[in-house]
>>> print(open('upload-v9.cif').read())   # mmCIF, C-alpha atoms
data_structure
#
loop_
_atom_site.label_atom_id
_atom_site.label_comp_id
_atom_site.auth_asym_id
_atom_site.auth_seq_id
_atom_site.Cartn_x
_atom_site.Cartn_y
_atom_site.Cartn_z
CA MET A 90 12.16 -10.86 -13.01
CA GLN A 91 10.74 -7.67 -14.49
CA PHE A 92 7.03 -6.98 -14.91
CA ARG A 93 5.64 -5.40 -18.06
CA ASP A 94 3.35 -3.08 -16.08
CA ARG A 95 1.24 -2.99 -12.93
CA ARG A 96 -1.62 -4.86 -14.56
CA GLN A 97 0.57 -7.82 -15.47
CA ALA A 98 2.16 -7.73 -12.02
CA GLY A 99 -1.28 -7.75 -10.44
CA GLY A 100 -2.29 -10.73 -12.54
CA ARG A 101 0.74 -12.74 -11.45
CA LEU A 102 0.22 -11.78 -7.83
CA ALA A 103 -3.45 -12.72 -8.10
CA GLU A 104 -2.60 -16.23 -9.27
CA VAL A 105 -0.53 -16.87 -6.15
CA LEU A 106 -3.28 -15.44 -3.97
CA ARG A 107 -5.90 -17.55 -5.74
CA THR A 108 -3.88 -20.64 -4.85
CA ARG A 109 -3.86 -19.53 -1.21
CA GLN A 110 -7.59 -18.90 -1.46
CA GLY A 111 -8.11 -22.43 -2.74
CA GLU A 112 -6.16 -23.72 0.25
CA GLY A 113 -8.59 -21.95 2.57
CA ALA A 114 -6.07 -19.33 3.73
CA LEU A 115 -8.07 -16.28 2.56
CA PRO A 116 -11.65 -16.61 3.82
CA ASP A 117 -13.98 -13.67 3.14
CA PRO A 118 -11.29 -11.54 1.43
CA LEU A 119 -11.37 -7.77 1.07
CA VAL A 120 -8.68 -6.03 -0.97
CA LEU A 121 -7.33 -2.68 0.22
CA ALA A 122 -5.01 -1.09 -2.33
CA LEU A 123 -2.56 1.70 -1.53
CA PRO A 124 -3.07 4.51 -4.06
CA ARG A 125 -2.04 5.40 -6.43
CA GLY A 126 0.17 2.64 -7.86
CA GLY A 127 -1.19 -0.15 -5.71
CA VAL A 128 -4.70 0.30 -7.08
CA ALA A 129 -3.77 -0.95 -10.55
CA VAL A 130 -2.29 -4.07 -8.94
CA GLY A 131 -5.14 -4.45 -6.46
CA ARG A 132 -7.78 -4.29 -9.19
CA GLU A 133 -6.40 -7.47 -10.74
CA VAL A 134 -6.19 -9.18 -7.36
CA ALA A 135 -9.78 -8.27 -6.48
CA ARG A 136 -11.04 -9.43 -9.89
CA VAL A 137 -9.39 -12.86 -9.67
CA LEU A 138 -10.39 -13.43 -6.05
CA ASP A 139 -13.92 -12.07 -6.68
CA ALA A 140 -13.38 -9.79 -3.69
CA PRO A 141 -14.40 -6.20 -2.94
CA LEU A 142 -11.80 -3.55 -3.76
CA ASP A 143 -11.30 -0.35 -1.81
CA VAL A 144 -8.45 2.03 -1.07
CA LEU A 145 -6.41 2.77 2.00
CA VAL A 146 -4.76 6.15 1.62
CA VAL A 147 -1.35 6.29 3.25
CA ARG A 148 1.03 9.23 3.02
CA LYS A 149 4.78 9.16 3.37
CA ILE A 150 6.29 11.80 5.64
CA GLY A 151 9.42 13.20 4.06
CA ALA A 152 12.30 15.03 5.68
CA PRO A 153 11.74 18.81 5.68
CA PHE A 154 14.81 19.42 3.52
CA GLN A 155 14.27 16.45 1.16
CA GLU A 156 10.72 15.26 0.57
CA GLU A 157 11.77 12.00 -1.08
CA LEU A 158 13.66 10.94 2.04
CA GLY A 159 10.97 9.19 4.05
CA VAL A 160 11.10 9.45 7.83
CA GLY A 161 7.61 8.15 8.56
CA ALA A 162 4.09 7.55 7.27
CA MET A 163 0.46 7.98 8.31
CA ALA A 164 -2.86 6.31 7.58
CA GLY A 165 -6.37 7.48 8.41
CA ASP A 166 -6.53 9.62 11.52
CA GLU A 167 -3.80 7.60 13.22
CA VAL A 168 -0.83 9.23 14.92
CA PRO A 169 2.04 9.32 12.38
CA LEU A 170 4.41 6.38 12.55
CA LEU A 171 7.89 7.93 12.64
CA ASP A 172 11.30 6.39 12.11
CA GLU A 173 12.96 7.51 15.33
CA ASP A 174 16.38 6.17 14.30
CA ALA A 175 16.28 8.12 11.05
CA LEU A 176 15.21 11.29 12.85
CA ARG A 177 18.08 10.99 15.32
CA HIS A 178 20.56 10.29 12.54
CA LEU A 179 19.37 13.32 10.57
CA GLY A 180 19.12 15.56 13.62
CA ILE A 181 15.43 16.30 13.01
CA GLY A 182 13.13 17.03 15.93
CA GLU A 183 9.43 16.19 15.76
CA ALA A 184 8.58 19.90 15.92
CA ALA A 185 10.32 20.41 12.56
CA LEU A 186 8.03 17.78 11.04
CA ALA A 187 4.81 19.52 12.11
CA PRO A 188 4.34 21.47 8.82
CA VAL A 189 5.11 18.36 6.76
CA ILE A 190 2.64 16.27 8.76
CA GLU A 191 -0.05 18.95 8.45
CA ARG A 192 0.44 19.12 4.67
CA GLU A 193 0.39 15.35 4.22
CA ARG A 194 -2.66 14.99 6.46
CA ALA A 195 -4.52 17.50 4.28
CA GLU A 196 -3.55 15.60 1.12
CA LEU A 197 -4.57 12.29 2.71
CA ARG A 198 -8.03 13.66 3.51
CA ARG A 199 -8.38 15.18 0.04
CA ARG A 200 -7.68 11.83 -1.58
CA GLU A 201 -10.02 9.97 0.75
CA ARG A 202 -12.87 12.36 -0.10
CA LEU A 203 -12.14 12.13 -3.81
CA TYR A 204 -11.71 8.36 -4.06
CA ARG A 205 -14.62 7.43 -1.79
CA GLU A 206 -17.09 9.89 -3.33
CA GLY A 207 -19.16 9.91 -0.16
CA ARG A 208 -18.91 6.18 0.53
CA PRO A 209 -17.95 5.22 4.08
CA ALA A 210 -14.72 3.36 4.72
CA PRO A 211 -15.30 -0.41 4.56
CA ASP A 212 -15.94 -2.37 7.73
CA LEU A 213 -12.92 -4.66 8.09
CA ARG A 214 -14.18 -6.70 11.02
CA GLY A 215 -14.08 -10.43 10.34
CA HIS A 216 -12.57 -10.11 6.87
CA THR A 217 -9.26 -11.37 5.56
CA VAL A 218 -7.85 -8.00 4.55
CA ILE A 219 -5.32 -8.13 1.73
CA VAL A 220 -3.25 -4.94 1.63
CA VAL A 221 -1.81 -4.50 -1.87
CA ASP A 222 0.89 -2.19 -3.18
CA ASP A 223 2.94 -2.15 -6.39
CA GLY A 224 6.19 -2.66 -4.46
CA LEU A 225 7.94 -2.14 -1.14
CA ALA A 226 11.24 -0.30 -0.78
CA THR A 227 11.59 0.65 2.89
CA GLY A 228 8.13 -0.59 3.88
CA SER A 229 7.29 2.54 5.89
CA THR A 230 3.95 3.20 4.20
CA ALA A 231 3.01 -0.49 4.25
CA ARG A 232 3.76 -0.69 7.95
CA ALA A 233 1.52 2.30 8.69
CA ALA A 234 -1.20 0.71 6.57
CA LEU A 235 -0.94 -2.66 8.30
CA ARG A 236 -1.09 -1.15 11.78
CA TYR A 237 -4.13 0.87 10.80
CA VAL A 238 -5.83 -2.25 9.43
CA ARG A 239 -4.94 -4.33 12.47
CA ARG A 240 -6.75 -1.86 14.75
CA GLN A 241 -9.99 -2.43 12.79
CA ALA A 242 -10.27 -6.04 14.06
CA PRO A 243 -9.98 -8.04 10.82
CA ALA A 244 -9.85 -11.82 11.03
CA ARG A 245 -6.52 -11.91 9.19
CA VAL A 246 -4.13 -9.44 7.56
CA VAL A 247 -2.14 -10.28 4.43
CA LEU A 248 0.37 -8.01 2.71
CA ALA A 249 0.80 -8.66 -1.02
CA ALA A 250 3.12 -6.97 -3.50
CA PRO A 251 4.81 -8.01 -6.75
CA VAL A 252 8.30 -6.90 -5.65
CA CYS A 253 9.87 -6.06 -2.28
CA SER A 254 13.28 -5.35 -0.91
CA PRO A 255 14.35 -8.28 1.27
CA GLU A 256 14.63 -5.94 4.27
CA ALA A 257 11.10 -4.58 3.87
CA ALA A 258 9.62 -8.04 3.38
CA GLU A 259 11.29 -9.24 6.56
CA LEU A 260 10.08 -6.22 8.55
CA MET A 261 6.51 -6.78 7.39
CA ARG A 262 6.46 -10.30 8.82
CA ALA A 263 6.07 -8.70 12.25
CA GLU A 264 3.07 -6.66 11.05
CA ALA A 265 1.05 -9.08 8.89
CA ASP A 266 -0.15 -12.64 9.34
CA GLU A 267 1.27 -13.45 5.92
CA VAL A 268 3.54 -11.63 3.47
CA ILE A 269 3.30 -12.58 -0.20
CA CYS A 270 5.95 -11.04 -2.44
CA LEU A 271 6.73 -12.52 -5.85
CA HIS A 272 10.24 -11.12 -6.19
CA ARG A 273 12.74 -10.10 -3.53
CA PRO A 274 15.85 -8.93 -5.43
CA THR A 275 18.99 -8.55 -3.36
CA ALA A 276 20.07 -5.48 -5.35
CA PHE A 277 16.69 -3.78 -5.00
CA MET A 278 17.46 -0.07 -5.59
CA ALA A 279 13.90 1.13 -6.40
CA VAL A 280 10.46 -0.29 -7.16
CA GLY A 281 10.30 1.24 -10.64
CA LEU A 282 13.36 -0.65 -11.83
CA TRP A 283 11.37 -3.88 -11.76
CA TYR A 284 8.73 -2.62 -14.20
CA GLU A 285 9.16 -1.94 -17.91
CA ASN A 286 6.32 0.59 -17.69
CA PHE A 287 6.10 2.40 -14.36
CA GLU A 288 4.30 5.58 -15.30
CA GLN A 289 2.84 7.69 -12.53
CA LEU A 290 -0.88 7.16 -12.10
CA THR A 291 -3.42 9.94 -11.61
CA ASP A 292 -6.47 10.41 -9.43
CA ARG A 293 -8.57 9.65 -12.52
CA ASP A 294 -6.79 6.31 -12.93
CA VAL A 295 -7.67 5.43 -9.34
CA LEU A 296 -11.30 6.39 -9.77
CA GLU A 297 -11.60 4.38 -12.99
CA ALA A 298 -10.11 1.32 -11.30
CA LEU A 299 -12.55 1.60 -8.41
CA HIS A 300 -15.52 2.08 -10.70
CA VAL A 301 -14.71 -1.20 -12.44
CA GLN A 302 -15.36 -2.92 -9.12
CA LEU A 303 -18.27 -0.86 -7.77
#
>>> encode(input="upload-v9.cif", output="C-alpha cells")
Amino acid sequence: MQFRDRRQAGGRLAEVLRTRQGEGALPDPLVLALPRGGVAVGREVARVLDAPLDVLVVRKIGAPFQEELGVGAMAGDEVPLLDEDALRHLGIGEAALAPVIERERAELRRRERLYREGRPAPDLRGHTVIVVDDGLATGSTARAALRYVRRQAPARVVLAAPVCSPEAAELMRAEADEVICLHRPTAFMAVGLWYENFEQLTDRDVLEALHVQL
C-alpha cells in the first residue's frame, strides 16, 4: 500500500474512523494533529467526522551529534520524555542534551504561538481525543503526545495514522485506548517511502489547514 499524498491518506483513515464513530466508539471527538505533516491528514479526519481540529506541537529531541537520531520528545510544558536505553547505548548524559532541549522548547513555543494565533489550547476534558500523524516510525513523538493528552483528562484517547512500523504500533497500545493504523509494513524503513508525494509542509500550510476548520 502506498498513498498518493497526505490528503488521500487522511481520507482513507477518516473512513475507518467514521465506521468506528458509527459504532459509537468515538463520542464527542476532537482531532489533535501533530504538525506539520499530521495536520494535512488530520484536516481530512476532522472534516469527515465533523469534529474540531487543533494542533498538538511535539518536538523530537535529537542526539547532539546527529539531530535526526531521536533520543526523546517533548509536548507542551511537560518534562521531556527521553529514551534512557538509547542514551546509555550512545553514551550521552542528560547534561549534554540541555542545549538541544532548550532549542527544541523554544521552537515548540514559537510554533504554538504561530499556529494558535492567540487562541487558548482546547479543553480536552470529556472528549474522545484523536491524535493524528502522517506516520509512525519509532513512535517517540506520538508517545509524548499521548502522555500529554492523557494528563488533560479526556474521556478516551485514540491514536490514528495511515502507516506505522509494527514496533511503534505495538508500543502505542500501552499509551492509547485504541490504535488505528491502516498499514503496518514489516519492512518499514521510513514514513516517506509509503507516500508518492511526501513534500515537507510549511507553517503556512498548517495555518491554511486550520483556517479551513475555524
>>> residues_around(input="upload-v9.cif", residues="segment 239-251 of chain A", least_positions_apart="3", cutoff="7 Å", atoms="all atoms listed in the file", output="MDAnalysis selection string")
chainID A and resid 98 102 213:224 235:236 265:272
>>> residues_around(input="upload-v9.cif", residues="Phe92 of chain A", least_positions_apart="2", cutoff="7 Å", atoms="all atoms listed in the file", output="list in words")
Met90, Asp94, Gln97, Ala98, Trp283, Tyr284 and Glu285 of chain A
>>> resolve_selection(input="upload-v9.cif", expression="the PyMOL selection byres ((chain A and resi 104) around 12)", output="PDB file with C-alpha atoms, keeping the file's coordinate frame")
ATOM      1  CA  GLN A  97       0.570  -7.820 -15.470  1.00  0.00           C
ATOM      2  CA  ALA A  98       2.160  -7.730 -12.020  1.00  0.00           C
ATOM      3  CA  GLY A  99      -1.280  -7.750 -10.440  1.00  0.00           C
ATOM      4  CA  GLY A 100      -2.290 -10.730 -12.540  1.00  0.00           C
ATOM      5  CA  ARG A 101       0.740 -12.740 -11.450  1.00  0.00           C
ATOM      6  CA  LEU A 102       0.220 -11.780  -7.830  1.00  0.00           C
ATOM      7  CA  ALA A 103      -3.450 -12.720  -8.100  1.00  0.00           C
ATOM      8  CA  VAL A 105      -0.530 -16.870  -6.150  1.00  0.00           C
ATOM      9  CA  LEU A 106      -3.280 -15.440  -3.970  1.00  0.00           C
ATOM     10  CA  ARG A 107      -5.900 -17.550  -5.740  1.00  0.00           C
ATOM     11  CA  THR A 108      -3.880 -20.640  -4.850  1.00  0.00           C
ATOM     12  CA  ARG A 109      -3.860 -19.530  -1.210  1.00  0.00           C
ATOM     13  CA  GLN A 110      -7.590 -18.900  -1.460  1.00  0.00           C
ATOM     14  CA  GLY A 111      -8.110 -22.430  -2.740  1.00  0.00           C
ATOM     15  CA  GLU A 133      -6.400  -7.470 -10.740  1.00  0.00           C
ATOM     16  CA  VAL A 134      -6.190  -9.180  -7.360  1.00  0.00           C
ATOM     17  CA  ALA A 135      -9.780  -8.270  -6.480  1.00  0.00           C
ATOM     18  CA  ARG A 136     -11.040  -9.430  -9.890  1.00  0.00           C
ATOM     19  CA  VAL A 137      -9.390 -12.860  -9.670  1.00  0.00           C
ATOM     20  CA  LEU A 138     -10.390 -13.430  -6.050  1.00  0.00           C
ATOM     21  CA  ALA A 249       0.800  -8.660  -1.020  1.00  0.00           C
ATOM     22  CA  PRO A 251       4.810  -8.010  -6.750  1.00  0.00           C
ATOM     23  CA  ILE A 269       3.300 -12.580  -0.200  1.00  0.00           C
ATOM     24  CA  LEU A 271       6.730 -12.520  -5.850  1.00  0.00           C
TER      25      LEU A 271
END
>>> atom_distance(input="upload-v9.cif", atom1="atom CA of Val168 of chain A", atom2="atom CA of Gly127 of chain A")
22.7 Å
>>> closest_residue(input="upload-v9.cif", among="A:Ile181, A:Leu290, A:Ala187, A:Met261", to="Phe154 of chain A", atoms="all atoms listed in the file")
A:Ile181
>>> atom_distance(input="upload-v9.cif", atom1="atom CA of Glu112 of chain A", atom2="atom CA of Ala140 of chain A")
16.2 Å
>>> atom_distance(input="upload-v9.cif", atom1="atom CA of Asp172 of chain A", atom2="atom CA of Arg202 of chain A")
27.7 Å
>>> closest_residue(input="upload-v9.cif", among="A:Gly228, A:Pro188, A:Gly281, A:Pro255", to="Gly159 of chain A", atoms="only C-alpha atoms")
A:Gly228
>>> residues_around(input="upload-v9.cif", residues="Leu171 of chain A", least_positions_apart="5", cutoff="7 Å", atoms="all atoms listed in the file", output="list of chain:residue names")
A:Val160, A:Gly161, A:Ala162
>>> closest_residue(input="upload-v9.cif", among="A:Pro118, A:Gly113, A:Gly180, A:Pro124", to="Asp292 of chain A", atoms="all atoms listed in the file")
A:Pro124
>>> residues_around(input="upload-v9.cif", residues="Glu206 of chain A", least_positions_apart="2", cutoff="12 Å", atoms="only C-alpha atoms", output="list in words")
Asp143, Val144, Arg198, Arg199, Arg200, Glu201, Arg202, Leu203, Tyr204, Arg208, Pro209, Ala210, Leu296, Leu299, His300 and Leu303 of chain A
>>> closest_residue(input="upload-v9.cif", among="A:Arg96, A:Val189, A:Leu176, A:Phe287", to="Arg132 of chain A", atoms="all atoms listed in the file")
A:Arg96
>>> closest_residue(input="upload-v9.cif", among="A:Ala263, A:Leu197, A:Ala185, A:Ala164", to="Val238 of chain A", atoms="all atoms listed in the file")
A:Ala164
>>> residues_near_point(input="upload-v9.cif", point="(-1.4, 7.5, 4.5)", cutoff="9 Å", atoms="all atoms listed in the file", output="number ranges by chain")
A: 123, 145-150, 162-166, 169, 193-194, 197, 230, 233-234
>>> build_atoms(input="upload-v9.cif", residues="segment 118-136 of chain A", atoms="N, CA and C atoms", output="mmCIF file, in the coordinates of the input")
data_model
loop_
_atom_site.group_PDB
_atom_site.id
_atom_site.type_symbol
_atom_site.label_atom_id
_atom_site.label_comp_id
_atom_site.auth_asym_id
_atom_site.auth_seq_id
_atom_site.Cartn_x
_atom_site.Cartn_y
_atom_site.Cartn_z
ATOM 1 N N PRO A 118 -12.338 -12.548 1.699
ATOM 2 C CA PRO A 118 -11.290 -11.540 1.430
ATOM 3 C C PRO A 118 -11.854 -10.173 1.074
ATOM 4 N N LEU A 119 -11.104 -9.153 1.444
ATOM 5 C CA LEU A 119 -11.370 -7.770 1.070
ATOM 6 C C LEU A 119 -10.026 -7.153 0.710
ATOM 7 N N VAL A 120 -9.940 -6.579 -0.477
ATOM 8 C CA VAL A 120 -8.680 -6.030 -0.970
ATOM 9 C C VAL A 120 -8.631 -4.530 -0.695
ATOM 10 N N LEU A 121 -7.588 -4.101 0.000
ATOM 11 C CA LEU A 121 -7.330 -2.680 0.220
ATOM 12 C C LEU A 121 -6.043 -2.317 -0.516
ATOM 13 N N ALA A 122 -6.169 -1.495 -1.533
ATOM 14 C CA ALA A 122 -5.010 -1.090 -2.330
ATOM 15 C C ALA A 122 -4.501 0.261 -1.879
ATOM 16 N N LEU A 123 -3.175 0.425 -1.903
ATOM 17 C CA LEU A 123 -2.560 1.700 -1.530
ATOM 18 C C LEU A 123 -2.421 2.561 -2.784
ATOM 19 N N PRO A 124 -3.170 3.668 -2.871
ATOM 20 C CA PRO A 124 -3.070 4.510 -4.060
ATOM 21 C C PRO A 124 -1.808 5.366 -4.030
ATOM 22 N N ARG A 125 -1.306 5.710 -5.227
ATOM 23 C CA ARG A 125 -2.040 5.400 -6.430
ATOM 24 C C ARG A 125 -1.625 4.078 -7.077
ATOM 25 N N GLY A 126 -0.330 3.784 -7.107
ATOM 26 C CA GLY A 126 0.170 2.640 -7.860
ATOM 27 C C GLY A 126 -0.413 1.302 -7.457
ATOM 28 N N GLY A 127 -0.693 1.135 -6.172
ATOM 29 C CA GLY A 127 -1.190 -0.150 -5.710
ATOM 30 C C GLY A 127 -2.583 -0.468 -6.199
ATOM 31 N N VAL A 128 -3.331 0.540 -6.652
ATOM 32 C CA VAL A 128 -4.700 0.300 -7.080
ATOM 33 C C VAL A 128 -4.734 -0.491 -8.392
ATOM 34 N N ALA A 129 -3.817 -0.206 -9.296
ATOM 35 C CA ALA A 129 -3.770 -0.950 -10.550
ATOM 36 C C ALA A 129 -3.440 -2.422 -10.296
ATOM 37 N N VAL A 130 -2.613 -2.696 -9.316
ATOM 38 C CA VAL A 130 -2.290 -4.070 -8.940
ATOM 39 C C VAL A 130 -3.477 -4.693 -8.202
ATOM 40 N N GLY A 131 -4.032 -3.948 -7.263
ATOM 41 C CA GLY A 131 -5.140 -4.450 -6.460
ATOM 42 C C GLY A 131 -6.379 -4.766 -7.269
ATOM 43 N N ARG A 132 -6.606 -4.017 -8.346
ATOM 44 C CA ARG A 132 -7.780 -4.290 -9.190
ATOM 45 C C ARG A 132 -7.728 -5.702 -9.755
ATOM 46 N N GLU A 133 -6.541 -6.117 -10.201
ATOM 47 C CA GLU A 133 -6.400 -7.470 -10.740
ATOM 48 C C GLU A 133 -6.585 -8.523 -9.657
ATOM 49 N N VAL A 134 -6.054 -8.250 -8.485
ATOM 50 C CA VAL A 134 -6.190 -9.180 -7.360
ATOM 51 C C VAL A 134 -7.662 -9.341 -6.988
ATOM 52 N N ALA A 135 -8.366 -8.226 -6.860
ATOM 53 C CA ALA A 135 -9.780 -8.270 -6.480
ATOM 54 C C ALA A 135 -10.603 -9.007 -7.533
ATOM 55 N N ARG A 136 -10.281 -8.787 -8.802
ATOM 56 C CA ARG A 136 -11.040 -9.430 -9.890
ATOM 57 C C ARG A 136 -10.875 -10.951 -9.831
#
